[in-house]
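Only one structure is covered here, and it is reproduced in the block below.
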Amino acid sequence: MSSPKADTARTDAPARVSRRNFLKQSAGATGGLVLGFHLPLMGQQALAQGAAAANTPPEINAWVVIQPDDRVVIRIARSEMGQGTLTGLAQLVAEELECDWAKVATEYPTPGQNLKRERVWGDFSTGGSRGIRQSQDYVRKGGAAARIALIQAAADGWKVPAGECTVSKGVITHAASKRSTTYGKVAVAASKLAPAKDITLKPAKDWKLAGKRLARLDTVDKTTGKQVYGMDLKLPGMLNAAMVDCPIFGGKVKSFDEAAAMKRPGVKKVVRLGDSGVAVIADTWWRAKTALDAMNVQWDGGSNASANSAAFAQVLAEALESTDAAVGNDVGNAVSAIDNAARRIEAVYSYPHQNHACMETMNATVKWTSERCEVWLPTQNGEAALAAAAEAAGLKPAQCEVYKIHLGGGFGRRGATDYVRKAVAIAKEMPGVPIKMIWSREEDMAQGRFHPVTQCKLVAGLDDKGEITGLHMRIAGQSILATVNPQMIKDGKDPVVFQGLNPPGPEASIGYTFPAMRIDYAMRNPHVPAGFWRGVNLNQNAIYLECFIDEIAHATGQDPLALRRKLMKAHPKHLAVLNAAAERAGYDKPAPAGVFRGLAQTMGFGSYVAACAEVSVSKAGELKIHRIVAATNCGHAVNPQQIEAQVEGSFVYGLSAALFQECTVKDGRIEQSNFHDYPSLKLAQMPKVETVLVPTGDFWGGVGEPTIAVAAPAVLNAIFAATGKRIRELPLSKHKLAND
Amino acid sequence: MPTLNVNGKSLDYAADDGTPLLWVLREQLGLTGTKYGCGVAQCGACTVHIDGVPTRSCAVPAASVKAAQKITTIEGLSKDGTHPVQRAWQALDVPQCGFCQSGMIMAATALLKDKPTPTDADIDAAMTNICRCGTYNRVRAAIHVAAKEMAAAKSGGKMHSKAELGKSALNIEHVEGAKA
């Protein structure tokens, strides 16, 4: 997509479609869409009108607009936040459309348009690694339907059967009469045809664009500074806002020195946000932020003012033994199997709160009047943002609009709408004035929607030969749904908690068979709000199970790969990726001197993943991760080079979390405030990553998240192999690896 | 009125005492390619060159930069995105979300000026910017690609197209005419 450019031009007069005129038309058509980030994508006007008009580039259907010069605009409902879904979805549409890839551009339809057109673009939500796997069918059908209409229009013009026509790269040919035309020439006629009903999609073996290692469509602007993120937005007459909310969740504002802010240059207004927040609106953000700092806001912490992580850890430790657990996976009688076992192995693990720490802090730009509310927003969930904005604005959703902007990172944080509501509340204080709210990094750290905190007690019963007779996994801890969607919790059971541990099936199923197994969950929620954090509950569940399997292997003198192979016989897809990783790593041969290996595998977000990590630990206790081999079976690989990028990136996200990241609570508030005390993996610490793609072509899985879950356990298991130290409490930075 | 020399132009600006260079660039001069990520010189998203030295502009008061000092931002690296480092980034599809990449590219260009054929250890030491998406391995590969291209340019050797670079480095297919 091209970059937003603020432009106030407004006219209702239709005109020849040029870049500039398009802006004018869009503004007229939508009453406020004045941004050029849909440019040069002239489908936007048709979008706004709900159908192609005679003098606009024709919309063949909701997914495809063809311009007279044969340029193709493909509509993308999901958000691009770095994961490459924009390019992947365009590949899928273009594959069926049979257009010229060199002429493809993309645009985001808006959530308001989706509402108006009865959700013709389906779900906008971009999370759970669902971008491609859950929309691949209907977007491909959109491309195919457009192709069928375009060919039919050409055939009608020539008065020949459509079946005698062929198409390649947007050029339609009738060989018998030696005639040919292009998509651009028949687009208007095609837009008037009824959509095809019976659509057969191409088998993957016939793909020419999908499945290929194509370059992304959004790279160049990200290397020149031209890509406009929400934080960079500039609208005519726009003001800026900085805000602070009570860092003690549930607390209130006690006092602040409004006069100290108002006397500073450029400050327009000080705004109260409910009873817990304060914002300053100023001409520039830096002035708003420094004025906010000058107000010396004091807090009334309320009932959470003395909450702390150590006390909550004790709550979780007690919950590991409580009887109020909901069962997620139950095979045989694990309790009695363990009671009657010849030998027991037991371990307790824990996983901390973590902040998403997107590089671009939360922000939103809002223009509110009593009639209409418009939001310019980097969001993973445009429709939820529209609903939240409408509620906060006191308007109907039809009176509101959300214009999506590329995200400077999402990782789940931008699926939430807390910051959208706050931005709308601020903008309501100055009707008609666009106000850009940006959170400081410190505010972003304090007001996260955190990776849930959990502990896990694992107990295995073994017979006298060391074979596992029963496994009990008790998870105690925070439920994400309790923060995000409490009505989805039934009888104390948050189904998301069992990610990667579910019974056999297409989603997040466990890859082992035990004679008896019980996995249960005792919910305990702290006052800190939770959120979906890239990889979600698969992250800690894979650590718990994969490290414990490693513990059993070592305790019973078995090779960790051999034990897994024994337990995974009934789970061939899980086992195949593990074998692929082990094989590429050369697991059957010794590692280089001083280097030790660790394995992990899991299944989640529809895909099967495994990793083999190679590490060394110096005498001084310094960890070096030399190499990671990661295997993925995501069913269909739409753009292998971008899957590799996601796999590599997953190790940065997962290892940052495992090695360094923890948000601790003291006096009711998160202690970490910026990257100095919440470090992220850096280039010098990045291991070599070898990605092995083994797609089996019989399902559609996600790739943005699953690999994160194997990053930590593979490395932790390798650390044990290297040092004999079993790390059960994260992050690793809390532990010394040196033998002292 | 104070003046800054940015991307070859002498520009007047108005800002309060203590305003960091970053916010003058972004809010006074409209150069939003330089990003705010942390405000405390930790993440490097705000990296610009001051007289060729990579500098974290969030931690430098604008007033401390003299009018004669030459500031280069990502917008001034090349007119059309064709600096060898930018081309290498494009050829290897380095960016994911892209938010940190202006700073990465500015750090990389400064490194290559200092060390035209950097070792991996040189890259480790110079590239301390944070990327949450995890583009580090492609950043490293792109720096090596850019180094070779810059050396070839200097010695009058053969320059490669973006498609050739992408193909040889990561087997990425660049379709002629496509935006990427």
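By convention here, the chains of the structure tokens are called A, B, ... in the order presented, each chain's residues are numbered starting at 1, and ligands are numbered starting at 1 in the order presented.
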Using only C-alpha atoms, determine which residues lie at most 12 Å from Ser10 in chain B, disregarding the query and same-chain residues fewer than 2 positions distant; provide the list as a PDB file with N, CA and C atoms, in the first residue's frame.
ATOM      1  N   MET B   1      15.918  32.645  15.054  1.00  0.00           N
ATOM      2  CA  MET B   1      15.369  31.288  14.992  1.00  0.00           C
ATOM      3  C   MET B   1      16.488  30.270  14.813  1.00  0.00           C
ATOM      4  N   PRO B   2      16.450  29.203  15.596  1.00  0.00           N
ATOM      5  CA  PRO B   2      17.513  28.196  15.436  1.00  0.00           C
ATOM      6  C   PRO B   2      17.381  27.463  14.105  1.00  0.00           C
ATOM      7  N   THR B   3      18.492  26.906  13.687  1.00  0.00           N
ATOM      8  CA  THR B   3      18.563  26.258  12.377  1.00  0.00           C
ATOM      9  C   THR B   3      19.215  24.886  12.501  1.00  0.00           C
ATOM     10  N   LEU B   4      18.726  23.952  11.728  1.00  0.00           N
ATOM     11  CA  LEU B   4      19.384  22.645  11.625  1.00  0.00           C
ATOM     12  C   LEU B   4      19.665  22.370  10.159  1.00  0.00           C
ATOM     13  N   ASN B   5      20.808  21.729   9.908  1.00  0.00           N
ATOM     14  CA  ASN B   5      21.112  21.304   8.551  1.00  0.00           C
ATOM     15  C   ASN B   5      20.700  19.838   8.411  1.00  0.00           C
ATOM     16  N   VAL B   6      19.564  19.637   7.739  1.00  0.00           N
ATOM     17  CA  VAL B   6      19.023  18.282   7.639  1.00  0.00           C
ATOM     18  C   VAL B   6      18.934  17.865   6.176  1.00  0.00           C
ATOM     19  N   ASN B   7      19.546  16.776   5.860  1.00  0.00           N
ATOM     20  CA  ASN B   7      19.510  16.213   4.503  1.00  0.00           C
ATOM     21  C   ASN B   7      19.912  17.256   3.460  1.00  0.00           C
ATOM     22  N   GLY B   8      20.918  18.041   3.819  1.00  0.00           N
ATOM     23  CA  GLY B   8      21.473  19.005   2.870  1.00  0.00           C
ATOM     24  C   GLY B   8      20.762  20.337   2.823  1.00  0.00           C
ATOM     25  N   ASP B  12      14.908  26.221   9.399  1.00  0.00           N
ATOM     26  CA  ASP B  12      14.581  26.898  10.659  1.00  0.00           C
ATOM     27  C   ASP B  12      13.571  26.053  11.433  1.00  0.00           C
ATOM     28  N   TYR B  13      13.662  26.142  12.730  1.00  0.00           N
ATOM     29  CA  TYR B  13      12.643  25.445  13.523  1.00  0.00           C
ATOM     30  C   TYR B  13      12.393  26.231  14.803  1.00  0.00           C
ATOM     31  N   LEU B  29       9.748  19.483  11.548  1.00  0.00           N
ATOM     32  CA  LEU B  29      10.266  19.403  10.182  1.00  0.00           C
ATOM     33  C   LEU B  29       9.549  18.354   9.333  1.00  0.00           C
ATOM     34  N   LYS B  66      24.703  21.923  16.339  1.00  0.00           N
ATOM     35  CA  LYS B  66      25.055  23.215  15.738  1.00  0.00           C
ATOM     36  C   LYS B  66      24.552  23.292  14.294  1.00  0.00           C
ATOM     37  N   ALA B  67      24.279  24.509  13.875  1.00  0.00           N
ATOM     38  CA  ALA B  67      23.728  24.726  12.535  1.00  0.00           C
ATOM     39  C   ALA B  67      24.640  24.178  11.450  1.00  0.00           C
ATOM     40  N   ALA B  68      25.930  24.115  11.729  1.00  0.00           N
ATOM     41  CA  ALA B  68      26.876  23.640  10.709  1.00  0.00           C
ATOM     42  C   ALA B  68      26.961  22.119  10.668  1.00  0.00           C
ATOM     43  N   GLN B  69      26.458  21.471  11.699  1.00  0.00           N
ATOM     44  CA  GLN B  69      26.538  20.002  11.711  1.00  0.00           C
ATOM     45  C   GLN B  69      25.534  19.402  10.734  1.00  0.00           C
ATOM     46  N   LYS B  70      25.979  18.387  10.041  1.00  0.00           N
ATOM     47  CA  LYS B  70      25.121  17.806   8.999  1.00  0.00           C
ATOM     48  C   LYS B  70      24.346  16.610   9.551  1.00  0.00           C
ATOM     49  N   ILE B  71      23.020  16.760   9.537  1.00  0.00           N
ATOM     50  CA  ILE B  71      22.147  15.677   9.987  1.00  0.00           C
ATOM     51  C   ILE B  71      21.613  14.946   8.752  1.00  0.00           C
ATOM     52  N   THR B  72      21.694  13.623   8.785  1.00  0.00           N
ATOM     53  CA  THR B  72      21.052  12.840   7.724  1.00  0.00           C
ATOM     54  C   THR B  72      20.015  11.927   8.363  1.00  0.00           C
TER      55      THR B  72
END
| message | Could you pull out the alpha helix (DSSP H) residues of range 65-145 of chain B, going by DSSP on the backbone, and write them as a VMD selection string? | response | chain B and resid 84 to 91 101 to 114 120 to 126 136 to 145
Same residues, N, CA and C atoms, saved as an mmCIF file, in the first residue's frame:
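Ended up saving to result-v1.cif:
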data_model
loop_
_atom_site.group_PDB
_atom_site.id
_atom_site.type_symbol
_atom_site.label_atom_id
_atom_site.label_comp_id
_atom_site.auth_asym_id
_atom_site.auth_seq_id
_atom_site.Cartn_x
_atom_site.Cartn_y
_atom_site.Cartn_z
ATOM 1 N N PRO B 84 22.687 1.673 -1.661
ATOM 2 C CA PRO B 84 22.962 0.218 -1.671
ATOM 3 C C PRO B 84 22.404 -0.518 -0.453
ATOM 4 N N VAL B 85 22.388 0.145 0.687
ATOM 5 C CA VAL B 85 21.844 -0.513 1.875
ATOM 6 C C VAL B 85 20.321 -0.671 1.730
ATOM 7 N N GLN B 86 19.673 0.356 1.234
ATOM 8 C CA GLN B 86 18.223 0.249 1.004
ATOM 9 C C GLN B 86 17.914 -0.828 -0.032
ATOM 10 N N ARG B 87 18.721 -0.867 -1.077
ATOM 11 C CA ARG B 87 18.497 -1.880 -2.118
ATOM 12 C C ARG B 87 18.693 -3.295 -1.567
ATOM 13 N N ALA B 88 19.693 -3.445 -0.743
ATOM 14 C CA ALA B 88 19.923 -4.769 -0.139
ATOM 15 C C ALA B 88 18.743 -5.142 0.770
ATOM 16 N N TRP B 89 18.268 -4.165 1.528
ATOM 17 C CA TRP B 89 17.098 -4.401 2.409
ATOM 18 C C TRP B 89 15.883 -4.832 1.590
ATOM 19 N N GLN B 90 15.709 -4.148 0.451
ATOM 20 C CA GLN B 90 14.561 -4.461 -0.414
ATOM 21 C C GLN B 90 14.733 -5.827 -1.072
ATOM 22 N N ALA B 91 15.941 -6.116 -1.499
ATOM 23 C CA ALA B 91 16.188 -7.384 -2.200
ATOM 24 C C ALA B 91 15.939 -8.573 -1.287
ATOM 25 N N GLN B 101 13.013 -0.179 11.141
ATOM 26 C CA GLN B 101 13.969 -0.347 10.045
ATOM 27 C C GLN B 101 14.670 0.938 9.623
ATOM 28 N N SER B 102 14.046 2.091 9.791
ATOM 29 C CA SER B 102 14.778 3.336 9.496
ATOM 30 C C SER B 102 16.031 3.403 10.357
ATOM 31 N N GLY B 103 15.859 3.116 11.621
ATOM 32 C CA GLY B 103 17.001 3.152 12.541
ATOM 33 C C GLY B 103 18.025 2.090 12.200
ATOM 34 N N MET B 104 17.543 0.905 11.839
ATOM 35 C CA MET B 104 18.460 -0.181 11.444
ATOM 36 C C MET B 104 19.298 0.244 10.238
ATOM 37 N N ILE B 105 18.612 0.805 9.247
ATOM 38 C CA ILE B 105 19.303 1.187 8.007
ATOM 39 C C ILE B 105 20.317 2.305 8.282
ATOM 40 N N MET B 106 19.933 3.246 9.131
ATOM 41 C CA MET B 106 20.883 4.323 9.441
ATOM 42 C C MET B 106 22.092 3.780 10.198
ATOM 43 N N ALA B 107 21.866 2.846 11.105
ATOM 44 C CA ALA B 107 22.989 2.231 11.825
ATOM 45 C C ALA B 107 23.869 1.438 10.864
ATOM 46 N N ALA B 108 23.242 0.736 9.940
ATOM 47 C CA ALA B 108 23.997 -0.093 8.995
ATOM 48 C C ALA B 108 24.836 0.762 8.032
ATOM 49 N N THR B 109 24.251 1.873 7.555
ATOM 50 C CA THR B 109 25.010 2.719 6.619
ATOM 51 C C THR B 109 26.208 3.349 7.322
ATOM 52 N N ALA B 110 26.022 3.701 8.590
ATOM 53 C CA ALA B 110 27.151 4.266 9.336
ATOM 54 C C ALA B 110 28.238 3.215 9.530
ATOM 55 N N LEU B 111 27.828 2.000 9.830
ATOM 56 C CA LEU B 111 28.799 0.911 10.000
ATOM 57 C C LEU B 111 29.602 0.711 8.725
ATOM 58 N N LEU B 112 28.906 0.684 7.584
ATOM 59 C CA LEU B 112 29.578 0.390 6.317
ATOM 60 C C LEU B 112 30.516 1.534 5.893
ATOM 61 N N LYS B 113 30.212 2.714 6.313
ATOM 62 C CA LYS B 113 31.108 3.840 6.031
ATOM 63 C C LYS B 113 32.399 3.669 6.833
ATOM 64 N N ASP B 114 32.222 3.215 8.049
ATOM 65 C CA ASP B 114 33.351 3.028 8.958
ATOM 66 C C ASP B 114 34.143 1.770 8.593
ATOM 67 N N ASP B 120 31.120 -10.465 10.956
ATOM 68 C CA ASP B 120 29.934 -10.687 11.783
ATOM 69 C C ASP B 120 30.098 -10.030 13.151
ATOM 70 N N ALA B 121 31.314 -10.076 13.678
ATOM 71 C CA ALA B 121 31.553 -9.455 14.993
ATOM 72 C C ALA B 121 31.366 -7.945 14.910
ATOM 73 N N ASP B 122 31.800 -7.346 13.801
ATOM 74 C CA ASP B 122 31.590 -5.902 13.614
ATOM 75 C C ASP B 122 30.096 -5.584 13.598
ATOM 76 N N ILE B 123 29.356 -6.436 12.912
ATOM 77 C CA ILE B 123 27.898 -6.221 12.805
ATOM 78 C C ILE B 123 27.257 -6.386 14.181
ATOM 79 N N ASP B 124 27.674 -7.414 14.903
ATOM 80 C CA ASP B 124 27.153 -7.615 16.266
ATOM 81 C C ASP B 124 27.359 -6.360 17.108
ATOM 82 N N ALA B 125 28.548 -5.791 17.002
ATOM 83 C CA ALA B 125 28.885 -4.653 17.871
ATOM 84 C C ALA B 125 28.144 -3.383 17.460
ATOM 85 N N ALA B 126 27.951 -3.214 16.155
ATOM 86 C CA ALA B 126 27.379 -1.946 15.683
ATOM 87 C C ALA B 126 25.849 -1.942 15.694
ATOM 88 N N TYR B 136 16.630 -9.848 12.571
ATOM 89 C CA TYR B 136 18.088 -9.730 12.726
ATOM 90 C C TYR B 136 18.896 -10.525 11.696
ATOM 91 N N ASN B 137 18.484 -11.751 11.419
ATOM 92 C CA ASN B 137 19.312 -12.549 10.507
ATOM 93 C C ASN B 137 19.294 -11.985 9.091
ATOM 94 N N ARG B 138 18.155 -11.421 8.712
ATOM 95 C CA ARG B 138 18.120 -10.782 7.386
ATOM 96 C C ARG B 138 18.856 -9.445 7.401
ATOM 97 N N VAL B 139 18.827 -8.755 8.537
ATOM 98 C CA VAL B 139 19.611 -7.523 8.651
ATOM 99 C C VAL B 139 21.088 -7.846 8.425
ATOM 100 N N ARG B 140 21.560 -8.878 9.094
ATOM 101 C CA ARG B 140 22.967 -9.271 8.951
ATOM 102 C C ARG B 140 23.274 -9.633 7.493
ATOM 103 N N ALA B 141 22.414 -10.438 6.898
ATOM 104 C CA ALA B 141 22.644 -10.860 5.512
ATOM 105 C C ALA B 141 22.638 -9.656 4.573
ATOM 106 N N ALA B 142 21.721 -8.723 4.819
ATOM 107 C CA ALA B 142 21.618 -7.554 3.936
ATOM 108 C C ALA B 142 22.841 -6.648 4.069
ATOM 109 N N ILE B 143 23.404 -6.565 5.258
ATOM 110 C CA ILE B 143 24.615 -5.747 5.427
ATOM 111 C C ILE B 143 25.761 -6.349 4.614
ATOM 112 N N HIS B 144 25.896 -7.654 4.660
ATOM 113 C CA HIS B 144 26.947 -8.297 3.859
ATOM 114 C C HIS B 144 26.704 -8.077 2.354
ATOM 115 N N VAL B 145 25.447 -8.191 1.936
ATOM 116 C CA VAL B 145 25.117 -7.963 0.523
ATOM 117 C C VAL B 145 25.455 -6.524 0.129
#
| message | Based on only C-alpha atoms, which of the residues in chain A come within 8 Å of chain B? I want them as JSON, numbers by chain. | response | {"A": [80, 81, 82, 83, 84, 101, 102, 103, 104, 105, 212, 213, 214, 215, 216, 217, 218, 219, 220, 222, 223, 224, 225, 226, 227, 228, 229, 232, 284, 285, 286, 357, 358, 359, 360, 361, 406, 407, 408, 409, 440, 441, 641, 645, 648, 649, 650, 651, 652, 653, 674, 675, 676, 680, 681, 682, 683, 684, 686, 688]}
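Near Gly511 in chain A, within 10 Å and counting only C-alpha atoms, sit A:Gly500, A:Leu501, A:Asn502, A:Pro503, A:Pro504, A:Arg564, A:Leu567, A:Met568, A:Lys569, A:Ala570, A:His571, A:Pro572, A:Lys573, A:His574, A:Leu575, A:Gln601, A:Thr602, A:Met603, A:Tyr608; same-chain residues fewer than 6 positions away were not included.
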Please, could you write that set of residues out with C-alpha atoms as a PDB file, in the first residue's frame?
ATOM      1  CA  GLY A 500      -1.322 -27.528  22.895  1.00  0.00           C
ATOM      2  CA  LEU A 501      -2.720 -29.967  25.427  1.00  0.00           C
ATOM      3  CA  ASN A 502      -6.075 -30.705  23.859  1.00  0.00           C
ATOM      4  CA  PRO A 503      -7.293 -34.174  22.886  1.00  0.00           C
ATOM      5  CA  PRO A 504      -6.517 -35.239  19.303  1.00  0.00           C
ATOM      6  CA  ARG A 564       9.340 -38.768  22.271  1.00  0.00           C
ATOM      7  CA  LEU A 567       5.164 -41.578  22.971  1.00  0.00           C
ATOM      8  CA  MET A 568       4.252 -40.006  19.624  1.00  0.00           C
ATOM      9  CA  LYS A 569       3.526 -43.104  17.570  1.00  0.00           C
ATOM     10  CA  ALA A 570      -0.187 -42.277  17.394  1.00  0.00           C
ATOM     11  CA  HIS A 571       0.513 -38.671  16.368  1.00  0.00           C
ATOM     12  CA  PRO A 572       2.225 -38.931  12.996  1.00  0.00           C
ATOM     13  CA  LYS A 573       2.026 -35.264  12.031  1.00  0.00           C
ATOM     14  CA  HIS A 574       3.554 -34.124  15.312  1.00  0.00           C
ATOM     15  CA  LEU A 575       6.244 -36.778  14.967  1.00  0.00           C
ATOM     16  CA  GLN A 601       7.682 -29.930  19.597  1.00  0.00           C
ATOM     17  CA  THR A 602       4.112 -28.745  19.776  1.00  0.00           C
ATOM     18  CA  MET A 603       0.968 -28.155  17.774  1.00  0.00           C
ATOM     19  CA  TYR A 608       2.823 -28.603  13.751  1.00  0.00           C
TER      20      TYR A 608
END
Within 8 Å of Val715 in chain A using only C-alpha atoms, minus same-chain residues under 2 positions, as a tab-separated table (two decimals) with C-alpha atoms, in the first residue's frame:
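The new file part_17.tsv reads:
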chain	number	residue	atom	x	y	z
A	597	ARG	CA	21.21	-30.08	21.95
A	598	GLY	CA	17.66	-29.67	23.16
A	599	LEU	CA	14.40	-30.61	21.49
A	613	ALA	CA	18.51	-25.94	19.64
A	614	GLU	CA	22.30	-26.13	19.89
A	615	VAL	CA	23.85	-24.20	22.76
A	625	ILE	CA	22.78	-20.23	21.22
A	711	ALA	CA	11.89	-21.59	21.21
A	712	ALA	CA	12.14	-21.63	25.00
A	713	PRO	CA	11.81	-25.35	25.73
A	717	ASN	CA	16.48	-28.50	27.35
A	718	ALA	CA	19.79	-27.80	25.63
A	719	ILE	CA	20.91	-25.79	28.67
| task | Determine the nearest neighbour of Ala146 in chain B from the options B:Lys158, B:Leu11, B:Glu164, B:Thr117, counting only C-alpha atoms. | result | B:Thr117
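Of the listed residues A:Glu107, A:Asp520, A:Glu59, A:Asp245, the one whose atoms come nearest to Thr87 in chain A is A:Glu107, with distances taken using only C-alpha atoms.
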| message | What does the structure give for the distance between CA of Arg343 in chain A and CA of Arg518 in chain A, in Å to one decimal? | response | 17.7 Å
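For the pair CA of Val65 in chain A and CA of Glu401 in chain A, the interatomic distance is 21.8 Å.
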| request: From a DSSP pass on the backbone, collect the residues of range 185-417 of chain A flagged as strand (DSSP E or B) and hand them back as a ChimeraX atom specification. | output: /A:214,239-245,248,252-255,267-273,277-282,298-300,326-331,343-351,353-354,363-368,373-377,400-404
| request: Measure the distance from CA of Val65 in chain B to CA of Asp221 in chain A in Å and round it to one decimal. | output: 28.3 Å
